[in-house]
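Structure file start-v4.txt (compact mmCIF, C-alpha atoms and all ligand atoms) is printed below.
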```
# COMPACT_ATOMS: atom_id res chain seq x y z
CA MET A 12 41.42 -2.64 34.98
CA SER A 13 37.88 -3.93 34.64
CA ILE A 14 34.45 -3.00 33.38
CA VAL A 15 31.22 -3.89 35.16
CA PHE A 16 28.05 -4.32 33.16
CA GLN A 17 24.75 -3.77 34.96
CA GLY A 18 21.58 -4.67 33.07
CA ASP A 19 19.92 -7.19 30.80
CA ALA A 20 21.89 -10.46 30.86
CA ALA A 21 21.43 -11.23 27.13
CA ARG A 22 22.80 -7.80 26.16
CA GLY A 23 25.65 -8.27 28.63
CA ARG A 24 26.68 -11.54 26.98
CA ILE A 25 26.84 -9.88 23.56
CA TRP A 26 28.97 -7.07 24.96
CA GLN A 27 31.20 -9.49 26.83
CA ASP A 28 31.93 -11.43 23.61
CA ILE A 29 32.71 -8.26 21.66
CA PHE A 30 34.91 -6.94 24.49
CA ALA A 31 36.74 -10.28 24.84
CA GLU A 32 37.88 -9.94 21.25
CA ALA A 33 38.56 -6.20 21.14
CA GLU A 34 39.85 -5.59 24.69
CA PRO A 35 41.13 -8.93 26.04
CA ASP A 36 43.04 -7.23 28.88
CA LEU A 37 39.95 -5.52 30.27
CA SER A 38 38.12 -8.00 32.49
CA PHE A 39 34.35 -7.89 32.04
CA HIS A 40 31.95 -8.56 34.92
CA HIS A 41 28.18 -8.84 35.13
CA TRP A 42 26.60 -7.04 38.07
CA PRO A 43 26.30 -8.01 40.93
CA ASP A 44 29.63 -9.80 40.34
CA VAL A 45 32.14 -6.92 40.23
CA GLY A 46 35.36 -8.90 40.66
CA ASP A 47 37.91 -6.85 42.61
CA PRO A 48 36.07 -3.55 43.34
CA GLU A 49 39.38 -1.68 43.50
CA ALA A 50 40.10 -2.67 39.87
CA VAL A 51 36.81 -1.34 38.46
CA THR A 52 37.55 1.58 36.13
CA TYR A 53 34.35 1.57 34.01
CA ILE A 54 30.72 0.81 34.78
CA VAL A 55 28.04 0.61 32.12
CA GLY A 56 24.43 0.49 33.25
CA TRP A 57 21.11 2.19 33.65
CA LYS A 58 20.38 2.28 37.37
CA PRO A 59 22.32 4.52 39.76
CA ILE A 60 24.60 2.64 42.18
CA PRO A 61 24.83 4.15 45.69
CA ASP A 62 28.21 5.09 47.23
CA LEU A 63 30.14 4.87 43.93
CA ALA A 64 33.27 6.60 45.26
CA ALA A 65 33.56 4.40 48.37
CA ARG A 66 32.79 1.14 46.59
CA PHE A 67 34.87 1.71 43.46
CA PRO A 68 37.82 3.99 44.32
CA ALA A 69 39.44 3.58 40.86
CA LEU A 70 36.24 4.28 38.89
CA LYS A 71 36.83 6.70 36.01
CA VAL A 72 33.71 6.59 33.84
CA MET A 73 30.06 5.77 34.44
CA PHE A 74 28.50 4.97 31.05
CA SER A 75 24.72 5.16 30.77
CA SER A 76 23.48 2.29 28.62
CA GLY A 77 20.70 4.56 27.34
CA ALA A 78 20.45 8.02 25.78
CA GLY A 79 18.97 9.69 28.88
CA VAL A 80 20.85 10.36 32.12
CA ASP A 81 18.15 11.99 34.26
CA GLN A 82 18.22 8.93 36.56
CA PHE A 83 21.70 10.01 37.72
CA ALA A 84 21.43 12.99 40.07
CA PRO A 85 24.68 15.03 39.96
CA HIS A 86 25.47 14.26 43.64
CA MET A 87 25.60 10.53 42.76
CA ILE A 88 28.57 11.03 40.44
CA PRO A 89 31.89 11.62 42.28
CA ASP A 90 34.03 14.54 41.02
CA SER A 91 36.65 12.09 39.74
CA VAL A 92 34.11 10.21 37.57
CA SER A 93 32.83 11.25 34.13
CA LEU A 94 29.23 10.49 33.18
CA VAL A 95 28.71 9.53 29.53
CA ARG A 96 25.38 8.90 27.82
CA MET A 97 24.84 6.49 24.96
CA ILE A 98 24.90 7.97 21.48
CA GLU A 99 24.74 5.11 19.02
CA PRO A 100 23.08 4.65 15.62
CA GLY A 101 20.69 1.91 16.83
CA ILE A 102 18.95 4.23 19.31
CA ALA A 103 18.48 6.94 16.68
CA ALA A 104 17.21 4.49 14.04
CA THR A 105 14.65 2.85 16.33
CA MET A 106 13.50 6.23 17.68
CA ALA A 107 13.01 7.57 14.15
CA GLU A 108 10.88 4.50 13.34
CA TYR A 109 8.71 4.99 16.43
CA VAL A 110 8.19 8.71 15.91
CA THR A 111 7.30 8.15 12.25
CA LEU A 112 4.77 5.49 13.24
CA ALA A 113 3.26 7.65 16.00
CA THR A 114 3.03 10.67 13.70
CA LEU A 115 1.25 8.62 11.04
CA LEU A 116 -1.11 7.18 13.68
CA LEU A 117 -2.16 10.71 14.64
CA HIS A 118 -2.13 12.04 11.08
CA ARG A 119 -4.38 9.19 9.82
CA ASN A 120 -6.67 9.06 12.92
CA PHE A 121 -5.84 5.47 13.84
CA LYS A 122 -6.89 5.82 17.47
CA ALA A 123 -10.34 6.97 16.33
CA TYR A 124 -10.59 3.94 14.04
CA ALA A 125 -9.45 1.58 16.83
CA ASN A 126 -12.23 3.03 19.01
CA GLN A 127 -14.73 2.66 16.17
CA GLN A 128 -13.72 -0.96 15.61
CA ALA A 129 -14.21 -1.74 19.30
CA GLU A 130 -17.72 -0.26 19.02
CA GLY A 131 -18.56 -1.88 15.64
CA ARG A 132 -18.79 1.50 13.89
CA TRP A 133 -17.79 2.21 10.26
CA GLU A 134 -17.27 5.95 9.76
CA GLN A 135 -14.81 7.68 7.45
CA ILE A 136 -12.81 10.71 8.56
CA ARG A 137 -11.52 13.12 5.93
CA VAL A 138 -8.00 12.31 4.79
CA TYR A 139 -5.42 15.09 4.45
CA PRO A 140 -2.03 14.60 2.78
CA ALA A 141 1.10 14.86 4.89
CA THR A 142 1.96 18.07 3.06
CA ALA A 143 -1.07 19.71 4.73
CA ARG A 144 0.23 19.10 8.26
CA THR A 145 3.06 20.60 10.28
CA VAL A 146 4.97 18.45 12.74
CA GLY A 147 7.04 20.17 15.42
CA VAL A 148 9.85 18.58 17.41
CA MET A 149 10.97 19.93 20.80
CA GLY A 150 14.66 19.13 21.29
CA LEU A 151 16.83 19.09 18.18
CA GLY A 152 19.53 16.74 19.46
CA ASN A 153 20.60 13.38 18.07
CA LEU A 154 17.17 11.83 18.27
CA GLY A 155 15.13 14.89 17.31
CA GLN A 156 17.18 15.36 14.15
CA ALA A 157 16.96 11.66 13.21
CA ALA A 158 13.17 11.80 13.57
CA LEU A 159 12.85 14.99 11.50
CA THR A 160 14.87 13.46 8.68
CA GLN A 161 12.44 10.52 8.43
CA LEU A 162 9.35 12.74 8.73
CA GLY A 163 10.69 14.97 5.97
CA HIS A 164 10.72 11.98 3.59
CA LEU A 165 6.95 11.62 4.13
CA GLY A 166 6.29 15.22 3.08
CA PHE A 167 5.24 16.78 6.40
CA LYS A 168 6.04 20.44 6.97
CA LEU A 169 8.62 20.52 9.74
CA ARG A 170 9.35 22.76 12.70
CA GLY A 171 11.86 22.43 15.49
CA TRP A 172 12.44 24.13 18.84
CA ASN A 173 15.73 24.05 20.71
CA ARG A 174 17.66 25.74 23.48
CA SER A 175 20.50 26.93 21.24
CA PRO A 176 19.98 28.01 17.62
CA ARG A 177 19.87 25.30 14.97
CA ALA A 178 19.84 25.49 11.16
CA LEU A 179 18.43 22.29 9.65
CA ASP A 180 17.55 21.77 6.00
CA GLY A 181 13.80 21.83 5.45
CA VAL A 182 13.01 22.61 9.12
CA GLU A 183 11.74 25.96 10.40
CA CYS A 184 13.77 26.35 13.57
CA PHE A 185 12.84 28.30 16.72
CA THR A 186 15.06 29.05 19.68
CA GLY A 187 14.50 29.28 23.42
CA PRO A 188 11.57 30.37 25.59
CA ALA A 189 11.07 33.62 23.62
CA GLU A 190 10.17 31.70 20.45
CA LEU A 191 8.27 28.82 22.03
CA GLY A 192 4.84 30.42 21.43
CA SER A 193 5.50 31.07 17.72
CA PHE A 194 6.77 27.51 17.33
CA LEU A 195 3.73 25.96 19.05
CA SER A 196 1.18 28.05 17.15
CA GLY A 197 1.97 26.15 13.94
CA CYS A 198 2.33 22.57 15.24
CA ASP A 199 -0.52 20.25 14.20
CA ILE A 200 1.44 17.42 15.79
CA LEU A 201 3.87 18.16 18.62
CA ILE A 202 6.65 15.72 19.57
CA CYS A 203 8.61 16.03 22.82
CA MET A 204 12.19 14.74 22.44
CA LEU A 205 13.75 16.82 25.21
CA PRO A 206 16.00 15.60 28.01
CA LEU A 207 14.46 15.86 31.48
CA THR A 208 16.02 18.79 33.35
CA ASP A 209 14.86 21.43 35.82
CA GLU A 210 13.90 23.62 32.82
CA THR A 211 11.93 20.97 30.94
CA ARG A 212 10.13 19.18 33.79
CA GLY A 213 6.37 19.74 33.39
CA ILE A 214 6.79 21.61 30.09
CA LEU A 215 3.86 19.74 28.49
CA SER A 216 1.25 21.59 30.54
CA ALA A 217 -2.03 23.46 30.14
CA SER A 218 -0.18 26.71 29.36
CA LEU A 219 1.63 24.98 26.49
CA PHE A 220 -1.42 23.13 25.13
CA VAL A 221 -3.42 26.36 24.72
CA GLN A 222 -0.71 27.70 22.42
CA LEU A 223 -1.14 24.79 19.98
CA PRO A 224 -3.70 24.91 17.16
CA GLN A 225 -7.08 23.59 18.34
CA GLY A 226 -7.22 19.79 17.95
CA ALA A 227 -3.46 19.19 17.82
CA GLY A 228 -1.88 15.77 18.39
CA LEU A 229 0.82 15.07 20.98
CA ILE A 230 3.64 12.53 21.08
CA ASN A 231 5.80 12.22 24.19
CA VAL A 232 8.93 10.11 23.83
CA GLY A 233 11.04 12.24 26.20
CA ARG A 234 10.30 11.43 29.82
CA GLY A 235 7.02 11.00 31.68
CA ALA A 236 7.81 13.96 33.96
CA HIS A 237 7.77 16.31 30.96
CA LEU A 238 3.99 15.91 30.98
CA VAL A 239 1.55 17.27 33.56
CA GLU A 240 -0.82 14.33 33.29
CA PRO A 241 -4.04 16.02 34.60
CA ASP A 242 -3.43 18.89 32.13
CA LEU A 243 -3.37 16.43 29.21
CA LEU A 244 -6.62 14.85 30.40
CA ALA A 245 -8.20 18.33 30.55
CA ALA A 246 -6.87 19.24 27.08
CA LEU A 247 -8.27 16.00 25.63
CA GLU A 248 -11.59 16.67 27.34
CA SER A 249 -11.82 20.19 25.88
CA GLY A 250 -10.68 19.10 22.41
CA GLN A 251 -7.61 21.35 22.52
CA VAL A 252 -5.64 18.11 22.01
CA THR A 253 -7.43 15.37 20.06
CA SER A 254 -5.11 12.44 20.57
CA ALA A 255 -1.82 11.61 22.27
CA VAL A 256 0.77 8.87 21.86
CA LEU A 257 2.72 8.36 25.08
CA ASP A 258 5.76 6.09 25.32
CA VAL A 259 6.70 7.37 28.78
CA THR A 260 4.69 8.12 31.91
CA ASP A 261 5.47 9.79 35.20
CA VAL A 262 5.33 6.45 37.07
CA GLU A 263 6.53 3.43 35.09
CA PRO A 264 5.00 0.89 34.78
CA LEU A 265 1.80 2.93 34.62
CA PRO A 266 -0.16 1.99 37.79
CA PRO A 267 -3.32 -0.13 37.47
CA GLY A 268 -6.45 2.00 37.29
CA HIS A 269 -4.64 5.05 35.88
CA PRO A 270 -6.99 6.94 33.51
CA PHE A 271 -4.46 6.71 30.64
CA TRP A 272 -5.02 2.92 30.37
CA THR A 273 -8.51 3.26 28.96
CA HIS A 274 -8.66 6.83 27.63
CA PRO A 275 -10.08 6.87 24.09
CA GLY A 276 -7.66 9.64 23.09
CA ILE A 277 -4.47 7.99 24.35
CA THR A 278 -2.23 5.37 22.75
CA LEU A 279 0.30 3.92 25.20
CA THR A 280 3.52 1.98 24.79
CA PRO A 281 5.80 0.80 27.64
CA HIS A 282 8.91 2.96 27.11
CA ILE A 283 10.06 1.12 24.00
CA ALA A 284 10.29 4.01 21.51
CA SER A 285 13.95 3.24 21.05
CA MET A 286 16.33 0.70 22.46
CA THR A 287 20.08 0.52 22.63
CA GLN A 288 21.27 -2.04 20.09
CA PRO A 289 24.01 -4.11 21.76
CA GLU A 290 26.17 -4.67 18.67
CA THR A 291 26.40 -1.01 17.59
CA ALA A 292 26.52 0.23 21.19
CA ALA A 293 29.49 -2.03 22.02
CA ARG A 294 31.50 -0.35 19.24
CA VAL A 295 30.63 3.07 20.65
CA LEU A 296 31.65 1.96 24.17
CA LEU A 297 34.96 0.57 22.91
CA ASP A 298 35.66 3.80 21.03
CA ASN A 299 34.89 5.85 24.16
CA ILE A 300 37.17 3.68 26.30
CA ARG A 301 39.95 4.22 23.76
CA ARG A 302 39.23 7.97 23.81
CA HIS A 303 39.36 8.00 27.60
CA ARG A 304 42.71 6.20 27.62
CA ASP A 305 44.12 8.54 24.95
CA GLY A 306 42.92 11.66 26.80
CA GLU A 307 40.40 12.55 24.07
CA THR A 308 36.87 13.85 24.71
CA MET A 309 34.40 10.99 24.94
CA ILE A 310 31.30 11.04 22.72
CA GLY A 311 28.23 11.80 24.87
CA LEU A 312 30.13 13.30 27.82
CA VAL A 313 27.45 14.77 30.10
CA ASP A 314 27.60 18.30 31.47
CA LEU A 315 26.37 17.60 35.01
CA GLY A 316 25.52 21.24 35.62
CA ARG A 317 23.27 21.34 32.54
CA GLY A 318 21.80 17.92 33.27
CA TYR A 319 22.28 16.28 29.84
N1 LIG A 401 11.35 6.87 25.07
C1 LIG A 401 12.52 6.33 24.80
O1 LIG A 401 12.63 5.13 24.50
C2 LIG A 401 13.74 7.19 24.80
C3 LIG A 401 14.94 6.65 24.32
C4 LIG A 401 16.06 7.46 24.25
C5 LIG A 401 15.99 8.79 24.67
N2 LIG A 401 14.81 9.28 25.15
C6 LIG A 401 14.73 10.70 25.57
O2 LIG A 401 15.12 11.53 24.51
C7 LIG A 401 15.92 12.59 25.04
C8 LIG A 401 16.75 13.24 23.95
O3 LIG A 401 17.79 12.38 23.53
P1 LIG A 401 18.93 12.91 22.55
O4 LIG A 401 19.89 11.80 22.38
O5 LIG A 401 18.33 13.51 21.33
O6 LIG A 401 19.56 14.07 23.45
P2 LIG A 401 20.52 15.27 23.02
O7 LIG A 401 21.30 14.89 21.80
O8 LIG A 401 21.25 15.72 24.24
O9 LIG A 401 19.52 16.40 22.58
C9 LIG A 401 18.75 17.12 23.47
C10 LIG A 401 18.31 18.40 22.76
O10 LIG A 401 17.38 19.06 23.60
C11 LIG A 401 17.73 20.44 23.65
N3 LIG A 401 17.31 21.03 24.91
C12 LIG A 401 17.76 20.71 26.16
N4 LIG A 401 17.16 21.49 27.08
C13 LIG A 401 16.35 22.33 26.40
C14 LIG A 401 15.47 23.38 26.80
N5 LIG A 401 15.35 23.74 28.08
N6 LIG A 401 14.79 24.03 25.84
C15 LIG A 401 14.92 23.68 24.53
N7 LIG A 401 15.74 22.71 24.08
C16 LIG A 401 16.45 22.03 25.02
C17 LIG A 401 19.24 20.47 23.50
O11 LIG A 401 19.62 21.76 23.04
P3 LIG A 401 21.16 22.29 23.08
O12 LIG A 401 21.93 21.43 22.15
O13 LIG A 401 21.07 23.69 22.65
O14 LIG A 401 21.63 22.16 24.48
C18 LIG A 401 19.49 19.34 22.50
O15 LIG A 401 19.45 19.78 21.17
C19 LIG A 401 16.70 11.87 26.14
O16 LIG A 401 17.23 12.79 27.09
C20 LIG A 401 15.66 10.98 26.76
O17 LIG A 401 14.94 11.70 27.74
C21 LIG A 401 13.71 8.51 25.23
```
Go ahead and render the structure in this file as structure tokens.
Ligand SMILES: NC(=O)c1ccc[n+]([C@@H]2O[C@H](COP(=O)([O-])OP(=O)(O)OC[C@H]3O[C@@H](n4cnc5c(N)ncnc54)[C@H](OP(=O)(O)O)[C@@H]3O)[C@@H](O)[C@H]2O)c1
Amino acid sequence: MSIVFQGDAARGRIWQDIFAEAEPDLSFHHWPDVGDPEAVTYIVGWKPIPDLAARFPALKVMFSSGAGVDQFAPHMIPDSVSLVRMIEPGIAATMAEYVTLATLLLHRNFKAYANQQAEGRWEQIRVYPATARTVGVMGLGNLGQAALTQLGHLGFKLRGWNRSPRALDGVECFTGPAELGSFLSGCDILICMLPLTDETRGILSASLFVQLPQGAGLINVGRGAHLVEPDLLAALESGQVTSAVLDVTDVEPLPPGHPFWTHPGITLTPHIASMTQPETAARVLLDNIRRHRDGETMIGLVDLGRGY
């Protein structure tokens, strides 16, 4: 039995050390070294590997090293292989930090002040307390809930929208397409924390932006393909959206010359909102391997039909 790690070499070394101590009988390989391909039972990585079934006939579980799994199309995963996404406390903690920072940037007009500084202007914008603003999160999963907990500590009014009903302390919750309009109508700052699926692709579009209060802020930490990029540019132009913080874009890295690079209403980061923390993630992987061996349900098991 062996596990193949595909990804950042430094993270791989940390995992290899932890595995050597906890699972000495499971040989650990760094891609592209896979050892004996017929002995590979687990792969952990981010990028899809073609011809999984033919190359690794004993493969049982493909672990995504990140929270999202939209890079794995269902046809890439053989019927005999389970796909498991990463649910670990480090991802949730770093995502909650990022979303808190981005919300405060929008709430306290920091992009406007950055633009002013670049132009040598000194102009004050009225300050409102957090209690005067409503922040809405789309997608009330692991990461959405972690972010809402942090935002609640700052005093923002909170809303959430989700596919299935949720009841969260201090959060006004809305469910499904029928309640999307009511949810959006109260969101001064909207945060997308959805998985990318056929239903959510392109959801951040002109028809959604017009349902927000005039001058709303937008944060996208889901996937770039959630956003219809020309629609955001039009919404910024009209003032329907005043400012956006984007951690993800449709094409990554964002191509040179793309209008987002220099737009005065857009703050960009290179897909770093959260990152898997190798130490905590290794514990989660080890627990899932034990669960798999003991015939228990693994944490983060993906429903391929649903797409997340
Ligand atoms: N930028 C970054 O660095 C970064 C890092 C990690 C993750 N992400 C993104 O964040 C996403 C969320 O991660 P997570 O761990 O929170 O996932 P999760 O625990 O699976 O939560 C996803 C939530 O979205 C809801 N949802 C799915 N489809 C929906 C739809 N059509 N309408 C309304 N709600 C829907 C789900 O509702 P149900 O429970 O009812 O199905 C669930 O509550 C990932 O898929 C990834 O795209 C980004």
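Distances from A:Val51, A:Leu223, A:Val45, A:Leu257 to ligand LIG 401 (chain A) were compared using only C-alpha atoms and all ligand atoms, and the smallest one belongs to A:Leu257.
For the pair atom CA of Thr273 of chain A and atom CA of Gly213 of chain A, the interatomic distance is 22.6 Å.
When only C-alpha atoms are used to compute distances to Pro264 of chain A, the closest of the residues A:Gln17, A:Ser193, A:Gln251, A:Thr280 turns out to be A:Thr280.
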With the cut-off set at 8 Å and counting only C-alpha atoms and all ligand atoms, tabulate each residue of chain A with an atom at most that distance from an atom of ligand LIG 401 (chain A), showing the nearest atom pair and its distance in Å to one decimal, ordered by chain and increasing number, as a tab-separated table.
```
residue	atom	partner	partner_atom	distance
A:Gly77	CA	A:LIG401	C4	6.3
A:Ala78	CA	A:LIG401	C5	4.7
A:Gly79	CA	A:LIG401	O16	4.0
A:Val80	CA	A:LIG401	O16	6.7
A:Asp81	CA	A:LIG401	O16	7.3
A:Met97	CA	A:LIG401	O4	7.7
A:Ile98	CA	A:LIG401	O4	6.4
A:Ile102	CA	A:LIG401	C4	6.6
A:Ala103	CA	A:LIG401	O4	7.6
A:Met106	CA	A:LIG401	C3	6.8
A:Met149	CA	A:LIG401	N7	6.4
A:Gly150	CA	A:LIG401	O10	3.6
A:Leu151	CA	A:LIG401	O15	4.0
A:Gly152	CA	A:LIG401	O9	3.1
A:Asn153	CA	A:LIG401	O5	4.0
A:Leu154	CA	A:LIG401	O5	3.7
A:Gly155	CA	A:LIG401	O5	5.3
A:Gln156	CA	A:LIG401	O5	7.5
A:Trp172	CA	A:LIG401	C15	6.2
A:Asn173	CA	A:LIG401	N7	3.6
A:Arg174	CA	A:LIG401	C15	3.6
A:Ser175	CA	A:LIG401	O13	3.6
A:Pro176	CA	A:LIG401	O13	6.7
A:Arg177	CA	A:LIG401	O13	7.9
A:Thr186	CA	A:LIG401	C15	7.2
A:Gly187	CA	A:LIG401	C15	5.7
A:Pro188	CA	A:LIG401	N6	7.1
A:Met204	CA	A:LIG401	O2	4.8
A:Leu205	CA	A:LIG401	O10	4.6
A:Pro206	CA	A:LIG401	O16	3.2
A:Leu207	CA	A:LIG401	O17	5.6
A:Thr208	CA	A:LIG401	N4	6.9
A:Glu210	CA	A:LIG401	N5	5.0
A:Thr211	CA	A:LIG401	N5	5.2
A:Asn231	CA	A:LIG401	N1	7.8
A:Val232	CA	A:LIG401	N1	4.2
A:Gly233	CA	A:LIG401	C6	4.0
A:Arg234	CA	A:LIG401	O17	5.1
A:Asp258	CA	A:LIG401	N1	5.6
A:Val259	CA	A:LIG401	N1	6.0
A:His282	CA	A:LIG401	O1	5.0
A:Ile283	CA	A:LIG401	O1	4.8
A:Ala284	CA	A:LIG401	O1	4.0
A:Ser285	CA	A:LIG401	O1	4.1
A:Met286	CA	A:LIG401	O1	6.1
A:Tyr319	CA	A:LIG401	O8	5.7
```
How would the residues just picked look written out with C-alpha atoms as a PDB file, keeping the file's coordinate frame?
```
ATOM      1  CA  GLY A  77      20.700   4.560  27.340  1.00  0.00           C
ATOM      2  CA  ALA A  78      20.450   8.020  25.780  1.00  0.00           C
ATOM      3  CA  GLY A  79      18.970   9.690  28.880  1.00  0.00           C
ATOM      4  CA  VAL A  80      20.850  10.360  32.120  1.00  0.00           C
ATOM      5  CA  ASP A  81      18.150  11.990  34.260  1.00  0.00           C
ATOM      6  CA  MET A  97      24.840   6.490  24.960  1.00  0.00           C
ATOM      7  CA  ILE A  98      24.900   7.970  21.480  1.00  0.00           C
ATOM      8  CA  ILE A 102      18.950   4.230  19.310  1.00  0.00           C
ATOM      9  CA  ALA A 103      18.480   6.940  16.680  1.00  0.00           C
ATOM     10  CA  MET A 106      13.500   6.230  17.680  1.00  0.00           C
ATOM     11  CA  MET A 149      10.970  19.930  20.800  1.00  0.00           C
ATOM     12  CA  GLY A 150      14.660  19.130  21.290  1.00  0.00           C
ATOM     13  CA  LEU A 151      16.830  19.090  18.180  1.00  0.00           C
ATOM     14  CA  GLY A 152      19.530  16.740  19.460  1.00  0.00           C
ATOM     15  CA  ASN A 153      20.600  13.380  18.070  1.00  0.00           C
ATOM     16  CA  LEU A 154      17.170  11.830  18.270  1.00  0.00           C
ATOM     17  CA  GLY A 155      15.130  14.890  17.310  1.00  0.00           C
ATOM     18  CA  GLN A 156      17.180  15.360  14.150  1.00  0.00           C
ATOM     19  CA  TRP A 172      12.440  24.130  18.840  1.00  0.00           C
ATOM     20  CA  ASN A 173      15.730  24.050  20.710  1.00  0.00           C
ATOM     21  CA  ARG A 174      17.660  25.740  23.480  1.00  0.00           C
ATOM     22  CA  SER A 175      20.500  26.930  21.240  1.00  0.00           C
ATOM     23  CA  PRO A 176      19.980  28.010  17.620  1.00  0.00           C
ATOM     24  CA  ARG A 177      19.870  25.300  14.970  1.00  0.00           C
ATOM     25  CA  THR A 186      15.060  29.050  19.680  1.00  0.00           C
ATOM     26  CA  GLY A 187      14.500  29.280  23.420  1.00  0.00           C
ATOM     27  CA  PRO A 188      11.570  30.370  25.590  1.00  0.00           C
ATOM     28  CA  MET A 204      12.190  14.740  22.440  1.00  0.00           C
ATOM     29  CA  LEU A 205      13.750  16.820  25.210  1.00  0.00           C
ATOM     30  CA  PRO A 206      16.000  15.600  28.010  1.00  0.00           C
ATOM     31  CA  LEU A 207      14.460  15.860  31.480  1.00  0.00           C
ATOM     32  CA  THR A 208      16.020  18.790  33.350  1.00  0.00           C
ATOM     33  CA  GLU A 210      13.900  23.620  32.820  1.00  0.00           C
ATOM     34  CA  THR A 211      11.930  20.970  30.940  1.00  0.00           C
ATOM     35  CA  ASN A 231       5.800  12.220  24.190  1.00  0.00           C
ATOM     36  CA  VAL A 232       8.930  10.110  23.830  1.00  0.00           C
ATOM     37  CA  GLY A 233      11.040  12.240  26.200  1.00  0.00           C
ATOM     38  CA  ARG A 234      10.300  11.430  29.820  1.00  0.00           C
ATOM     39  CA  ASP A 258       5.760   6.090  25.320  1.00  0.00           C
ATOM     40  CA  VAL A 259       6.700   7.370  28.780  1.00  0.00           C
ATOM     41  CA  HIS A 282       8.910   2.960  27.110  1.00  0.00           C
ATOM     42  CA  ILE A 283      10.060   1.120  24.000  1.00  0.00           C
ATOM     43  CA  ALA A 284      10.290   4.010  21.510  1.00  0.00           C
ATOM     44  CA  SER A 285      13.950   3.240  21.050  1.00  0.00           C
ATOM     45  CA  MET A 286      16.330   0.700  22.460  1.00  0.00           C
ATOM     46  CA  TYR A 319      22.280  16.280  29.840  1.00  0.00           C
TER      47      TYR A 319
END
```
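In this structure, atom CA of Val182 of chain A sits 24.4 Å away from atom CA of Gly311 of chain A.
Distance-wise, atom CA of Ala178 of chain A and atom CA of Leu159 of chain A end up 12.6 Å apart.
Of the residues listed (A:Ser13, A:Thr308, A:Gln222, A:Gln161), A:Ser13 shows the shortest atom-to-atom separation from Gln27 of chain A; distances use only C-alpha atoms.
With distances restricted to all atoms listed in the file, A:Val55 is the closest residue to Val95 of chain A from A:Ala33, A:Val55, A:Leu169, A:Leu265.
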- prompt: So which one's closest to Asp298 of chain A, A:Glu108, A:Glu99, A:Asp90, A:Glu49? Using all atoms listed in the file, please.
  reply: A:Glu99
message: I'd like the neighbourhood of Phe30 of chain A as a ChimeraX atom specification, where a residue qualifies if any of its atoms comes within 10 Å (using all atoms listed in the file), though same-chain residues fewer than 2 positions away should be ignored.
response: /A:14,24-28,32-39,293-294,296-297
message: Tell me which residues come within 7 Å of (25.6, 16.4, 40.0), as an NGL selection string, counting only C-alpha atoms in the file's coordinates.
response: :A and (84-88 or 315-316)
message: Ranking A:Pro59, A:Pro48, A:Pro68, A:Pro241 by minimum distance to His269 of chain A and counting all atoms listed in the file, which one comes first?
response: A:Pro241
